[in-house]
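Working notes, beginning with the structure itself.
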Amino acid sequence: QIVELCAHRPPARLLDWGASYVLNTQGLSQEAQTAVARPLLSGFINSGYNECAEAIVNLLEPQPLIELGRYRHNVADGERARQYYLRAIEYAEQTRDRAKIVCAIADFAECEAVLGNLQNAVRQLRRARKNHNLSRLDEMTRSWYHYVAGYICYQRGHFRRAHAHYRSALRCEARRADVLRELSRVNLEMGRYNVANEQAHEALALLEDKHQPLLPSIHALYGCLGDICAVQGKYEEAYRYHSEALSFWQKTGQPRWICLSLNRIAEIELLARDAGSSWRVAATMGKSAYELLREAWQVIEPTYMNLPHKSRTLHNLGWLAWHEGRITDAEKYLRRALLIRQHYGNEYGVARTLELLARLRFTQQRYNEAKQYFEQAGQIRKQLGVVQYPAVKRCSLSIQRRL
């Protein structure tokens with residue numbers, strides 16, 4: 001009851017006491033163990049203490065619990081996460097509790113979107129909306145549905161739709177900080193940099209105002225703020241945000257977030273190179289952008305699917321190779337990134353990779369192909385209503401003028 005009253009983010013002291021109780025008390029029945037361990041696992045996950053949750057997970061496996069799916073999802077064990085989510089949906093349907101069914105389906109859809117299985121993510125949400133009247137569900141359930149729908153649209157590059165879903169999710173005050181973070185990401189891609197910055201700082205103020213700071217959410221926000229700074233040319237400030245986030249994700253052992261932060265730090269240099277700036281990550285961190293991207297690939301490559309993270313890493317490796325004049329490498333990386341993005345339906349990602357391929361064709365003096373790639377990317381951007389980052393736009397325009 002306390003975990004639920006604390007919105008599944010109870011004080012760490014309670015979690016530590018509960019874990020000690022359930023792991024060390026002799027003679028507890030399985031029913032009693034589950035009754036205590038399940039909310040504890042939810043508390044650990046939602047508070048970002050995945051490393052503390054493993055012993056609790058061992059007590060609960062292999063029950064059809066949504067929390068087990070979330071845990072596997074967080075540690076990038078995608079295939080096992082999928083199996084738990086499917087079993088949790090089946091169990092929820094047996095209970096005939098509409099709210100639990102919709103939440104379980106939305107959880108599964110979010111997992112599929114993170115992995116890059118966007119078509120199934122869309123199918124799952126359509127199924128939930130078709131079979132269950134959302135207007136009759138409680139506010140938290142409706143908010144979670146719209147939050148996941150917004151995230152799926154974001155992954156597809158449909159930022160206007162994502163913005164509409166997130167605005168609907170924002171009606172639930174309990175989820176406000178997380179929704180503001182996602183709205184900040186959407187507004188960044190739509191070129192509304194001041195709005196993105198305001199929303200990220202508002203979310204940060206909400207999180208830091210609590211008696212027990214929510215460290216995972218705070219460090220996810222550092223990533224948003226770092227992205228905004230990098231796009232605006234504030235490279236040192238961007239680096240400070242991203243390096244702090246990277247340190248946290250490495251400490252808590254979350255592969256997807258580690259990969260994302262490594263990519264983001266490398267992207268600071270890539271944006272600086274596009275802008276003609278001399279800023280380099282090696283001078284600040286002691287590691288080159290190439291080393292960071294190779295490390296990101298080593299972290300994410302063994303994990304299940306995770307196509308958005310894999311394609312982002314390949315895209316950035318190609319971007320860097322073009323800047324360094326390694327044309328063969330650039331072709332190899334960009335082709336692989338394009339195929340993945342086309343396969344899982346990331347239209348915005350396809351446009352960005354096409355723009356880099358256009359630069360590559362210009363370098364190879366294959367000017368007609370360069371024009372075609374720029375035109376294809378431009379059409380996608382126009383349909384989606386998104387703009388290029390200022391540095392990227394300047395670099396691309398300088399090439400287009402010479403075509």
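Convention: chains lettered A, B, ... in structure tokens order; per-chain residue numbering from 1; ligands numbered from 1 as shown.
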
Return as JSON lines the residues of range 196-227 of chain A lying at most 12 Å from range 42-53 of chain A, together with the closest atom-to-atom pair for each and the distance in Å to one decimal, counting only C-alpha atoms, with rows in chain order and ascending residue number.
```
{"residue": "A:Leu207", "atom": "CA", "partner": "A:Ser47", "partner_atom": "CA", "distance": 12.0}
{"residue": "A:Gln212", "atom": "CA", "partner": "A:Ser47", "partner_atom": "CA", "distance": 9.6}
{"residue": "A:Pro213", "atom": "CA", "partner": "A:Ser47", "partner_atom": "CA", "distance": 9.1}
{"residue": "A:Leu214", "atom": "CA", "partner": "A:Ser47", "partner_atom": "CA", "distance": 6.2}
{"residue": "A:Leu215", "atom": "CA", "partner": "A:Gly48", "partner_atom": "CA", "distance": 7.0}
{"residue": "A:Pro216", "atom": "CA", "partner": "A:Gly48", "partner_atom": "CA", "distance": 5.4}
{"residue": "A:Ser217", "atom": "CA", "partner": "A:Gly48", "partner_atom": "CA", "distance": 8.3}
{"residue": "A:Ile218", "atom": "CA", "partner": "A:Gly48", "partner_atom": "CA", "distance": 10.5}
{"residue": "A:His219", "atom": "CA", "partner": "A:Gly48", "partner_atom": "CA", "distance": 10.5}
{"residue": "A:Ala220", "atom": "CA", "partner": "A:Gly48", "partner_atom": "CA", "distance": 11.1}
```

Close residues, range 184-197 of chain A itself excluded, 10 Å, only C-alpha atoms, min 4 positions apart in chain, as a PDB file with N, CA, C and O atoms, in the first residue's frame:
```
ATOM      1  N   GLY A 150       2.574   8.480 -27.870  1.00  0.00           N
ATOM      2  CA  GLY A 150       3.480   9.574 -28.212  1.00  0.00           C
ATOM      3  C   GLY A 150       4.887   9.077 -28.473  1.00  0.00           C
ATOM      4  O   GLY A 150       5.554   9.520 -29.423  1.00  0.00           O
ATOM      5  N   TYR A 151       5.336   8.137 -27.653  1.00  0.00           N
ATOM      6  CA  TYR A 151       6.691   7.607 -27.824  1.00  0.00           C
ATOM      7  C   TYR A 151       6.820   6.841 -29.144  1.00  0.00           C
ATOM      8  O   TYR A 151       7.830   6.958 -29.843  1.00  0.00           O
ATOM      9  N   CYS A 153       5.049   7.342 -31.884  1.00  0.00           N
ATOM     10  CA  CYS A 153       5.073   8.350 -32.951  1.00  0.00           C
ATOM     11  C   CYS A 153       6.441   9.029 -33.024  1.00  0.00           C
ATOM     12  O   CYS A 153       6.946   9.311 -34.114  1.00  0.00           O
ATOM     13  N   TYR A 154       7.037   9.288 -31.870  1.00  0.00           N
ATOM     14  CA  TYR A 154       8.378   9.899 -31.836  1.00  0.00           C
ATOM     15  C   TYR A 154       9.391   8.997 -32.543  1.00  0.00           C
ATOM     16  O   TYR A 154      10.204   9.460 -33.345  1.00  0.00           O
ATOM     17  N   GLY A 157       9.185   9.229 -36.154  1.00  0.00           N
ATOM     18  CA  GLY A 157       9.466  10.548 -36.717  1.00  0.00           C
ATOM     19  C   GLY A 157       8.222  11.366 -36.959  1.00  0.00           C
ATOM     20  O   GLY A 157       8.277  12.425 -37.579  1.00  0.00           O
ATOM     21  N   HIS A 158       7.071  10.917 -36.444  1.00  0.00           N
ATOM     22  CA  HIS A 158       5.803  11.636 -36.607  1.00  0.00           C
ATOM     23  C   HIS A 158       5.647  12.586 -35.415  1.00  0.00           C
ATOM     24  O   HIS A 158       4.864  12.335 -34.492  1.00  0.00           O
ATOM     25  N   PHE A 159       6.390  13.679 -35.442  1.00  0.00           N
ATOM     26  CA  PHE A 159       6.512  14.519 -34.265  1.00  0.00           C
ATOM     27  C   PHE A 159       5.243  15.304 -33.951  1.00  0.00           C
ATOM     28  O   PHE A 159       4.931  15.548 -32.785  1.00  0.00           O
ATOM     29  N   ARG A 160       4.481  15.712 -34.970  1.00  0.00           N
ATOM     30  CA  ARG A 160       3.233  16.435 -34.689  1.00  0.00           C
ATOM     31  C   ARG A 160       2.233  15.542 -33.962  1.00  0.00           C
ATOM     32  O   ARG A 160       1.552  15.974 -33.035  1.00  0.00           O
ATOM     33  N   ARG A 161       2.147  14.280 -34.394  1.00  0.00           N
ATOM     34  CA  ARG A 161       1.253  13.344 -33.705  1.00  0.00           C
ATOM     35  C   ARG A 161       1.753  13.064 -32.292  1.00  0.00           C
ATOM     36  O   ARG A 161       0.959  12.958 -31.342  1.00  0.00           O
ATOM     37  N   ALA A 162       3.068  12.899 -32.156  1.00  0.00           N
ATOM     38  CA  ALA A 162       3.653  12.667 -30.831  1.00  0.00           C
ATOM     39  C   ALA A 162       3.319  13.820 -29.899  1.00  0.00           C
ATOM     40  O   ALA A 162       2.945  13.614 -28.731  1.00  0.00           O
ATOM     41  N   HIS A 163       3.428  15.045 -30.410  1.00  0.00           N
ATOM     42  CA  HIS A 163       3.138  16.234 -29.613  1.00  0.00           C
ATOM     43  C   HIS A 163       1.692  16.205 -29.118  1.00  0.00           C
ATOM     44  O   HIS A 163       1.417  16.482 -27.933  1.00  0.00           O
ATOM     45  N   TYR A 166       1.312  13.526 -26.322  1.00  0.00           N
ATOM     46  CA  TYR A 166       1.942  13.954 -25.078  1.00  0.00           C
ATOM     47  C   TYR A 166       1.126  15.045 -24.380  1.00  0.00           C
ATOM     48  O   TYR A 166       1.056  15.087 -23.153  1.00  0.00           O
ATOM     49  N   ASP A 178       7.796  13.360 -16.569  1.00  0.00           N
ATOM     50  CA  ASP A 178       8.200  12.477 -17.672  1.00  0.00           C
ATOM     51  C   ASP A 178       7.632  12.957 -19.009  1.00  0.00           C
ATOM     52  O   ASP A 178       8.306  12.914 -20.031  1.00  0.00           O
ATOM     53  N   VAL A 179       6.384  13.418 -18.995  1.00  0.00           N
ATOM     54  CA  VAL A 179       5.765  13.888 -20.244  1.00  0.00           C
ATOM     55  C   VAL A 179       6.446  15.166 -20.729  1.00  0.00           C
ATOM     56  O   VAL A 179       6.700  15.329 -21.930  1.00  0.00           O
ATOM     57  N   LEU A 180       6.781  16.066 -19.815  1.00  0.00           N
ATOM     58  CA  LEU A 180       7.490  17.291 -20.195  1.00  0.00           C
ATOM     59  C   LEU A 180       8.846  16.970 -20.827  1.00  0.00           C
ATOM     60  O   LEU A 180       9.272  17.623 -21.776  1.00  0.00           O
ATOM     61  N   HIS A 201      13.653  22.212 -18.300  1.00  0.00           N
ATOM     62  CA  HIS A 201      13.961  22.811 -16.994  1.00  0.00           C
ATOM     63  C   HIS A 201      12.763  22.741 -16.047  1.00  0.00           C
ATOM     64  O   HIS A 201      12.932  22.570 -14.829  1.00  0.00           O
ATOM     65  N   GLU A 202      11.551  22.859 -16.587  1.00  0.00           N
ATOM     66  CA  GLU A 202      10.361  22.710 -15.742  1.00  0.00           C
ATOM     67  C   GLU A 202      10.284  21.295 -15.173  1.00  0.00           C
ATOM     68  O   GLU A 202       9.996  21.095 -13.983  1.00  0.00           O
ATOM     69  N   ALA A 203      10.551  20.308 -16.027  1.00  0.00           N
ATOM     70  CA  ALA A 203      10.548  18.913 -15.569  1.00  0.00           C
ATOM     71  C   ALA A 203      11.624  18.692 -14.514  1.00  0.00           C
ATOM     72  O   ALA A 203      11.396  18.017 -13.500  1.00  0.00           O
ATOM     73  N   LEU A 221      16.772  13.558 -18.159  1.00  0.00           N
ATOM     74  CA  LEU A 221      16.604  14.971 -18.496  1.00  0.00           C
ATOM     75  C   LEU A 221      17.936  15.643 -18.818  1.00  0.00           C
ATOM     76  O   LEU A 221      17.994  16.532 -19.670  1.00  0.00           O
ATOM     77  N   GLY A 223      20.208  14.317 -20.427  1.00  0.00           N
ATOM     78  CA  GLY A 223      20.406  13.994 -21.835  1.00  0.00           C
ATOM     79  C   GLY A 223      19.665  14.966 -22.739  1.00  0.00           C
ATOM     80  O   GLY A 223      20.205  15.423 -23.753  1.00  0.00           O
ATOM     81  N   CYS A 224      18.414  15.299 -22.376  1.00  0.00           N
ATOM     82  CA  CYS A 224      17.645  16.270 -23.168  1.00  0.00           C
ATOM     83  C   CYS A 224      18.317  17.630 -23.172  1.00  0.00           C
ATOM     84  O   CYS A 224      18.452  18.271 -24.220  1.00  0.00           O
ATOM     85  N   LEU A 225      18.732  18.092 -21.991  1.00  0.00           N
ATOM     86  CA  LEU A 225      19.365  19.400 -21.886  1.00  0.00           C
ATOM     87  C   LEU A 225      20.694  19.432 -22.640  1.00  0.00           C
ATOM     88  O   LEU A 225      21.038  20.427 -23.282  1.00  0.00           O
ATOM     89  N   ASP A 227      21.383  17.654 -25.317  1.00  0.00           N
ATOM     90  CA  ASP A 227      21.049  17.713 -26.750  1.00  0.00           C
ATOM     91  C   ASP A 227      20.720  19.142 -27.180  1.00  0.00           C
ATOM     92  O   ASP A 227      21.150  19.595 -28.243  1.00  0.00           O
ATOM     93  N   ILE A 228      19.938  19.840 -26.351  1.00  0.00           N
ATOM     94  CA  ILE A 228      19.572  21.217 -26.677  1.00  0.00           C
ATOM     95  C   ILE A 228      20.815  22.106 -26.758  1.00  0.00           C
ATOM     96  O   ILE A 228      20.982  22.892 -27.695  1.00  0.00           O
ATOM     97  N   CYS A 229      21.699  21.946 -25.773  1.00  0.00           N
ATOM     98  CA  CYS A 229      22.937  22.739 -25.756  1.00  0.00           C
ATOM     99  C   CYS A 229      23.795  22.434 -26.978  1.00  0.00           C
ATOM    100  O   CYS A 229      24.362  23.343 -27.606  1.00  0.00           O
ATOM    101  N   VAL A 231      22.899  21.324 -29.968  1.00  0.00           N
ATOM    102  CA  VAL A 231      22.283  21.875 -31.181  1.00  0.00           C
ATOM    103  C   VAL A 231      22.496  23.385 -31.256  1.00  0.00           C
ATOM    104  O   VAL A 231      22.688  23.953 -32.334  1.00  0.00           O
ATOM    105  N   GLN A 232      22.520  24.045 -30.101  1.00  0.00           N
ATOM    106  CA  GLN A 232      22.694  25.499 -30.055  1.00  0.00           C
ATOM    107  C   GLN A 232      24.160  25.928 -30.051  1.00  0.00           C
ATOM    108  O   GLN A 232      24.449  27.110 -29.943  1.00  0.00           O
ATOM    109  N   TYR A 348      12.067   9.735 -40.056  1.00  0.00           N
ATOM    110  CA  TYR A 348      12.962  10.863 -39.789  1.00  0.00           C
ATOM    111  C   TYR A 348      14.423  10.408 -39.860  1.00  0.00           C
ATOM    112  O   TYR A 348      15.278  11.092 -40.418  1.00  0.00           O
ATOM    113  N   LEU A 384       6.869  15.434 -42.590  1.00  0.00           N
ATOM    114  CA  LEU A 384       6.885  15.285 -41.137  1.00  0.00           C
ATOM    115  C   LEU A 384       6.847  16.621 -40.405  1.00  0.00           C
ATOM    116  O   LEU A 384       6.552  16.671 -39.207  1.00  0.00           O
ATOM    117  N   GLY A 385       7.177  17.705 -41.096  1.00  0.00           N
ATOM    118  CA  GLY A 385       7.179  19.027 -40.471  1.00  0.00           C
ATOM    119  C   GLY A 385       8.337  19.238 -39.527  1.00  0.00           C
ATOM    120  O   GLY A 385       8.183  19.884 -38.482  1.00  0.00           O
ATOM    121  N   VAL A 386       9.513  18.690 -39.863  1.00  0.00           N
ATOM    122  CA  VAL A 386      10.696  18.845 -39.001  1.00  0.00           C
ATOM    123  C   VAL A 386      11.794  19.596 -39.763  1.00  0.00           C
ATOM    124  O   VAL A 386      11.843  19.563 -40.991  1.00  0.00           O
ATOM    125  N   VAL A 387      12.650  20.256 -38.993  1.00  0.00           N
ATOM    126  CA  VAL A 387      13.716  21.062 -39.585  1.00  0.00           C
ATOM    127  C   VAL A 387      15.073  20.468 -39.238  1.00  0.00           C
ATOM    128  O   VAL A 387      15.201  19.699 -38.291  1.00  0.00           O
ATOM    129  N   GLN A 388      16.062  20.831 -39.999  1.00  0.00           N
ATOM    130  CA  GLN A 388      17.427  20.398 -39.708  1.00  0.00           C
ATOM    131  C   GLN A 388      18.006  21.215 -38.560  1.00  0.00           C
ATOM    132  O   GLN A 388      17.655  22.379 -38.377  1.00  0.00           O
ATOM    133  N   TYR A 389      18.919  20.603 -37.807  1.00  0.00           N
ATOM    134  CA  TYR A 389      19.665  21.360 -36.808  1.00  0.00           C
ATOM    135  C   TYR A 389      20.477  22.440 -37.528  1.00  0.00           C
ATOM    136  O   TYR A 389      20.948  22.213 -38.647  1.00  0.00           O
ATOM    137  N   PRO A 390      20.662  23.614 -36.900  1.00  0.00           N
ATOM    138  CA  PRO A 390      21.332  24.726 -37.590  1.00  0.00           C
ATOM    139  C   PRO A 390      22.674  24.362 -38.215  1.00  0.00           C
ATOM    140  O   PRO A 390      22.934  24.684 -39.380  1.00  0.00           O
TER     141      PRO A 390
END
```

- Contacts of Ala149 in chain A at 10 Å (only C-alpha atoms; same-chain gap of 6+ positions) as a ChimeraX atom specification: /A:106,109-110,113,121-122,125-126,143,161-162,164-166,169

- Item | Straight-line distance linking CA of Glu54 in chain A with CA of Arg13 in chain A, stated in Å to one decimal |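 If I compute the distance from CA of Glu54 in chain A to CA of Arg13 in chain A, I get 17.5 Å.
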
- Near Leu317 in chain A, within 9 Å and counting only C-alpha atoms, which residues show up once chain neighbours fewer than 2 positions away are dropped, as a list in words? Ala289, Tyr290, Leu293, Arg294, Arg312, Thr313, Leu314, His315, Trp319, Leu320, Ala321, Trp322, Asp329, Ala330, Tyr333 and Leu334 of chain A

Export of the given selection (all heavy atoms) as a short mmCIF file (atom, residue, chain, number, x, y, z; two decimals), in the first residue's frame:
```
data_model
loop_
_atom_site.label_atom_id
_atom_site.label_comp_id
_atom_site.auth_asym_id
_atom_site.auth_seq_id
_atom_site.Cartn_x
_atom_site.Cartn_y
_atom_site.Cartn_z
N ALA A 289 35.94 10.66 -30.65
CA ALA A 289 34.56 10.35 -31.00
C ALA A 289 34.47 8.93 -31.56
O ALA A 289 33.49 8.21 -31.28
CB ALA A 289 34.04 11.36 -32.01
N TYR A 290 35.46 8.53 -32.34
CA TYR A 290 35.45 7.18 -32.90
C TYR A 290 35.49 6.13 -31.79
O TYR A 290 34.75 5.13 -31.84
CB TYR A 290 36.64 6.99 -33.85
CG TYR A 290 36.70 5.61 -34.47
CD1 TYR A 290 35.83 5.25 -35.50
CD2 TYR A 290 37.60 4.66 -34.01
CE1 TYR A 290 35.86 3.97 -36.06
CE2 TYR A 290 37.65 3.39 -34.56
CZ TYR A 290 36.78 3.06 -35.59
OH TYR A 290 36.81 1.79 -36.14
N LEU A 293 32.09 5.85 -30.14
CA LEU A 293 31.10 5.17 -30.97
C LEU A 293 31.37 3.67 -31.06
O LEU A 293 30.43 2.85 -31.09
CB LEU A 293 31.05 5.79 -32.36
CG LEU A 293 30.49 7.22 -32.40
CD1 LEU A 293 30.68 7.86 -33.77
CD2 LEU A 293 29.01 7.23 -32.01
N ARG A 294 32.62 3.28 -31.11
CA ARG A 294 32.95 1.86 -31.11
C ARG A 294 32.54 1.22 -29.77
O ARG A 294 32.04 0.09 -29.73
CB ARG A 294 34.45 1.65 -31.34
CG ARG A 294 34.93 1.99 -32.73
CD ARG A 294 34.19 1.27 -33.84
NE ARG A 294 34.22 -0.18 -33.71
CZ ARG A 294 33.55 -1.02 -34.50
NH1 ARG A 294 32.78 -0.54 -35.47
NH2 ARG A 294 33.63 -2.31 -34.33
N ARG A 312 21.40 4.35 -34.87
CA ARG A 312 21.97 5.64 -34.49
C ARG A 312 23.49 5.57 -34.42
O ARG A 312 24.19 6.48 -34.89
CB ARG A 312 21.40 6.09 -33.14
CG ARG A 312 21.86 7.47 -32.69
CD ARG A 312 21.12 7.89 -31.44
NE ARG A 312 21.41 9.27 -31.06
CZ ARG A 312 20.60 10.02 -30.32
NH1 ARG A 312 19.45 9.53 -29.89
NH2 ARG A 312 20.93 11.26 -29.99
N THR A 313 24.01 4.49 -33.84
CA THR A 313 25.46 4.33 -33.73
C THR A 313 26.10 4.21 -35.11
O THR A 313 27.13 4.84 -35.39
CB THR A 313 25.79 3.09 -32.88
OG1 THR A 313 25.08 3.16 -31.63
CG2 THR A 313 27.28 2.99 -32.61
N LEU A 314 25.49 3.41 -35.99
CA LEU A 314 26.02 3.25 -37.35
C LEU A 314 25.94 4.57 -38.12
O LEU A 314 26.89 4.93 -38.86
CB LEU A 314 25.25 2.16 -38.09
CG LEU A 314 25.46 0.74 -37.57
CD1 LEU A 314 24.40 -0.20 -38.15
CD2 LEU A 314 26.86 0.23 -37.92
N HIS A 315 24.84 5.29 -37.97
CA HIS A 315 24.67 6.60 -38.62
C HIS A 315 25.80 7.55 -38.20
O HIS A 315 26.43 8.21 -39.03
CB HIS A 315 23.31 7.17 -38.23
CG HIS A 315 23.09 8.59 -38.66
ND1 HIS A 315 22.43 8.92 -39.82
CD2 HIS A 315 23.43 9.78 -38.07
CE1 HIS A 315 22.36 10.24 -39.94
NE2 HIS A 315 22.97 10.78 -38.88
N TRP A 319 28.77 9.33 -40.27
CA TRP A 319 28.89 10.80 -40.23
C TRP A 319 30.34 11.19 -39.93
O TRP A 319 30.93 12.03 -40.60
CB TRP A 319 27.94 11.30 -39.15
CG TRP A 319 27.69 12.79 -39.08
CD1 TRP A 319 28.27 13.77 -39.84
CD2 TRP A 319 26.80 13.45 -38.17
NE1 TRP A 319 27.77 15.00 -39.46
CE2 TRP A 319 26.87 14.83 -38.44
CE3 TRP A 319 25.94 13.00 -37.17
CZ2 TRP A 319 26.12 15.78 -37.73
CZ3 TRP A 319 25.19 13.94 -36.46
CH2 TRP A 319 25.27 15.30 -36.74
N LEU A 320 30.91 10.53 -38.91
CA LEU A 320 32.30 10.82 -38.53
C LEU A 320 33.27 10.42 -39.64
O LEU A 320 34.21 11.16 -39.95
CB LEU A 320 32.64 10.08 -37.23
CG LEU A 320 34.06 10.27 -36.71
CD1 LEU A 320 34.31 11.73 -36.33
CD2 LEU A 320 34.32 9.36 -35.50
N ALA A 321 33.05 9.25 -40.24
CA ALA A 321 33.93 8.77 -41.31
C ALA A 321 33.94 9.75 -42.48
O ALA A 321 34.98 10.01 -43.10
CB ALA A 321 33.51 7.38 -41.77
N TRP A 322 32.76 10.34 -42.81
CA TRP A 322 32.71 11.33 -43.90
C TRP A 322 33.56 12.54 -43.55
O TRP A 322 34.33 13.03 -44.38
CB TRP A 322 31.26 11.76 -44.15
CG TRP A 322 31.17 12.81 -45.22
CD1 TRP A 322 31.22 12.62 -46.57
CD2 TRP A 322 31.03 14.23 -45.02
NE1 TRP A 322 31.13 13.83 -47.23
CE2 TRP A 322 31.02 14.83 -46.31
CE3 TRP A 322 30.94 15.04 -43.89
CZ2 TRP A 322 30.91 16.21 -46.47
CZ3 TRP A 322 30.82 16.41 -44.07
CH2 TRP A 322 30.80 16.98 -45.35
N ASP A 329 34.52 3.56 -45.45
CA ASP A 329 33.88 3.30 -44.15
C ASP A 329 32.55 4.02 -44.05
O ASP A 329 31.56 3.46 -43.55
CB ASP A 329 34.80 3.75 -43.00
CG ASP A 329 35.97 2.81 -42.79
OD1 ASP A 329 35.93 1.69 -43.31
OD2 ASP A 329 36.91 3.21 -42.08
N ALA A 330 32.52 5.27 -44.49
CA ALA A 330 31.28 6.05 -44.43
C ALA A 330 30.16 5.36 -45.22
O ALA A 330 29.03 5.24 -44.74
CB ALA A 330 31.52 7.46 -44.98
N TYR A 333 28.94 2.17 -43.23
CA TYR A 333 28.13 2.45 -42.05
C TYR A 333 26.78 3.05 -42.41
O TYR A 333 25.74 2.67 -41.85
CB TYR A 333 28.88 3.42 -41.12
CG TYR A 333 30.10 2.84 -40.46
CD1 TYR A 333 31.33 3.51 -40.48
CD2 TYR A 333 30.04 1.63 -39.76
CE1 TYR A 333 32.45 3.00 -39.86
CE2 TYR A 333 31.17 1.10 -39.13
CZ TYR A 333 32.36 1.79 -39.19
OH TYR A 333 33.48 1.28 -38.56
N LEU A 334 26.77 4.00 -43.34
CA LEU A 334 25.53 4.68 -43.69
C LEU A 334 24.55 3.75 -44.38
O LEU A 334 23.33 3.84 -44.17
CB LEU A 334 25.82 5.90 -44.56
CG LEU A 334 26.56 7.05 -43.86
CD1 LEU A 334 26.93 8.14 -44.85
CD2 LEU A 334 25.74 7.62 -42.72
#
```

- Can you tell me, as JSON, numbers by chain, what residues are no more than 10 Å from Trp249 in chain A when counting only C-alpha atoms, ignoring any on the same chain fewer than 2 positions away? {"A": [48, 216, 219, 220, 243, 244, 245, 246, 247, 251, 252, 253, 254, 255, 256, 257, 258, 259, 260, 261]}

- Item | Exercise: Glu355 in chain A partners within 9 Å, only C-alpha atoms, chain neighbours under 4 positions left out, as a list in words | Val350, Ala351, Arg359, Leu360, Ala370, Tyr373, Phe374, Glu375, Gln376, Ala377, Gly378 and Ser396 of chain A

Could you write out the selected residues, including N, CA, C and O atoms, as a PDB file, in the first residue's frame?
```pdb
ATOM      1  N   VAL A 350      15.563   7.946 -41.613  1.00  0.00           N
ATOM      2  CA  VAL A 350      15.854   7.715 -43.030  1.00  0.00           C
ATOM      3  C   VAL A 350      16.270   9.029 -43.695  1.00  0.00           C
ATOM      4  O   VAL A 350      17.256   9.082 -44.437  1.00  0.00           O
ATOM      5  N   ALA A 351      15.530  10.109 -43.421  1.00  0.00           N
ATOM      6  CA  ALA A 351      15.850  11.410 -44.014  1.00  0.00           C
ATOM      7  C   ALA A 351      17.246  11.868 -43.607  1.00  0.00           C
ATOM      8  O   ALA A 351      18.035  12.337 -44.445  1.00  0.00           O
ATOM      9  N   ARG A 359      25.890  13.901 -48.991  1.00  0.00           N
ATOM     10  CA  ARG A 359      27.225  14.486 -48.803  1.00  0.00           C
ATOM     11  C   ARG A 359      28.309  13.554 -49.358  1.00  0.00           C
ATOM     12  O   ARG A 359      29.257  13.996 -49.999  1.00  0.00           O
ATOM     13  N   LEU A 360      28.121  12.262 -49.070  1.00  0.00           N
ATOM     14  CA  LEU A 360      29.093  11.272 -49.529  1.00  0.00           C
ATOM     15  C   LEU A 360      29.160  11.245 -51.051  1.00  0.00           C
ATOM     16  O   LEU A 360      30.259  11.229 -51.638  1.00  0.00           O
ATOM     17  N   ALA A 370      23.660  12.747 -55.511  1.00  0.00           N
ATOM     18  CA  ALA A 370      23.618  13.641 -54.345  1.00  0.00           C
ATOM     19  C   ALA A 370      22.343  14.471 -54.348  1.00  0.00           C
ATOM     20  O   ALA A 370      21.657  14.606 -53.320  1.00  0.00           O
ATOM     21  N   TYR A 373      19.296  12.292 -53.402  1.00  0.00           N
ATOM     22  CA  TYR A 373      19.226  12.008 -51.961  1.00  0.00           C
ATOM     23  C   TYR A 373      18.743  13.229 -51.180  1.00  0.00           C
ATOM     24  O   TYR A 373      17.910  13.108 -50.267  1.00  0.00           O
ATOM     25  N   PHE A 374      19.265  14.401 -51.507  1.00  0.00           N
ATOM     26  CA  PHE A 374      18.830  15.619 -50.830  1.00  0.00           C
ATOM     27  C   PHE A 374      17.329  15.851 -51.055  1.00  0.00           C
ATOM     28  O   PHE A 374      16.602  16.243 -50.141  1.00  0.00           O
ATOM     29  N   GLU A 375      16.861  15.612 -52.293  1.00  0.00           N
ATOM     30  CA  GLU A 375      15.442  15.818 -52.613  1.00  0.00           C
ATOM     31  C   GLU A 375      14.563  14.831 -51.845  1.00  0.00           C
ATOM     32  O   GLU A 375      13.508  15.213 -51.307  1.00  0.00           O
ATOM     33  N   GLN A 376      14.975  13.566 -51.791  1.00  0.00           N
ATOM     34  CA  GLN A 376      14.203  12.564 -51.050  1.00  0.00           C
ATOM     35  C   GLN A 376      14.110  12.933 -49.574  1.00  0.00           C
ATOM     36  O   GLN A 376      13.031  12.861 -48.959  1.00  0.00           O
ATOM     37  N   ALA A 377      15.237  13.336 -48.996  1.00  0.00           N
ATOM     38  CA  ALA A 377      15.263  13.719 -47.583  1.00  0.00           C
ATOM     39  C   ALA A 377      14.387  14.941 -47.351  1.00  0.00           C
ATOM     40  O   ALA A 377      13.642  15.009 -46.359  1.00  0.00           O
ATOM     41  N   GLY A 378      14.449  15.904 -48.256  1.00  0.00           N
ATOM     42  CA  GLY A 378      13.640  17.115 -48.131  1.00  0.00           C
ATOM     43  C   GLY A 378      12.155  16.828 -48.157  1.00  0.00           C
ATOM     44  O   GLY A 378      11.376  17.445 -47.419  1.00  0.00           O
ATOM     45  N   SER A 396      24.957  21.184 -45.017  1.00  0.00           N
ATOM     46  CA  SER A 396      24.271  20.603 -46.175  1.00  0.00           C
ATOM     47  C   SER A 396      24.013  21.655 -47.254  1.00  0.00           C
ATOM     48  O   SER A 396      24.183  21.392 -48.447  1.00  0.00           O
TER      49      SER A 396
END
```

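Of the listed residues (A:Ile152, A:Leu86, A:Cys111, A:Ala238), A:Ala238 comes nearest to Glu269 in chain A; the distances count only C-alpha atoms.
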
- Query: Which is closer to Ala275 in chain A than all the others in A:Ala391, A:Leu292, A:Met305, A:Ala200, using only C-alpha atoms?
  - Reply: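 That would be A:Ala391, the residue with the smallest distance to Ala275 in chain A.
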
- Query: When DSSP works through the backbone of this structure, what residues of range 21-133 of chain A end up as helix (DSSP H, G or I), shown as a ChimeraX atom specification?
  - Reply: /A:21-24,30-47,50-60,66-74,78-95,98-115,118-131

- Task: Can you pull out every residue within 12 Å of Ala35 in chain A, counting only C-alpha atoms, but drop anything in the same chain fewer than 2 positions away, and send it as a ChimeraX atom specification?
- Result: /A:1,18,22,28-33,37-42,56,59-60,65
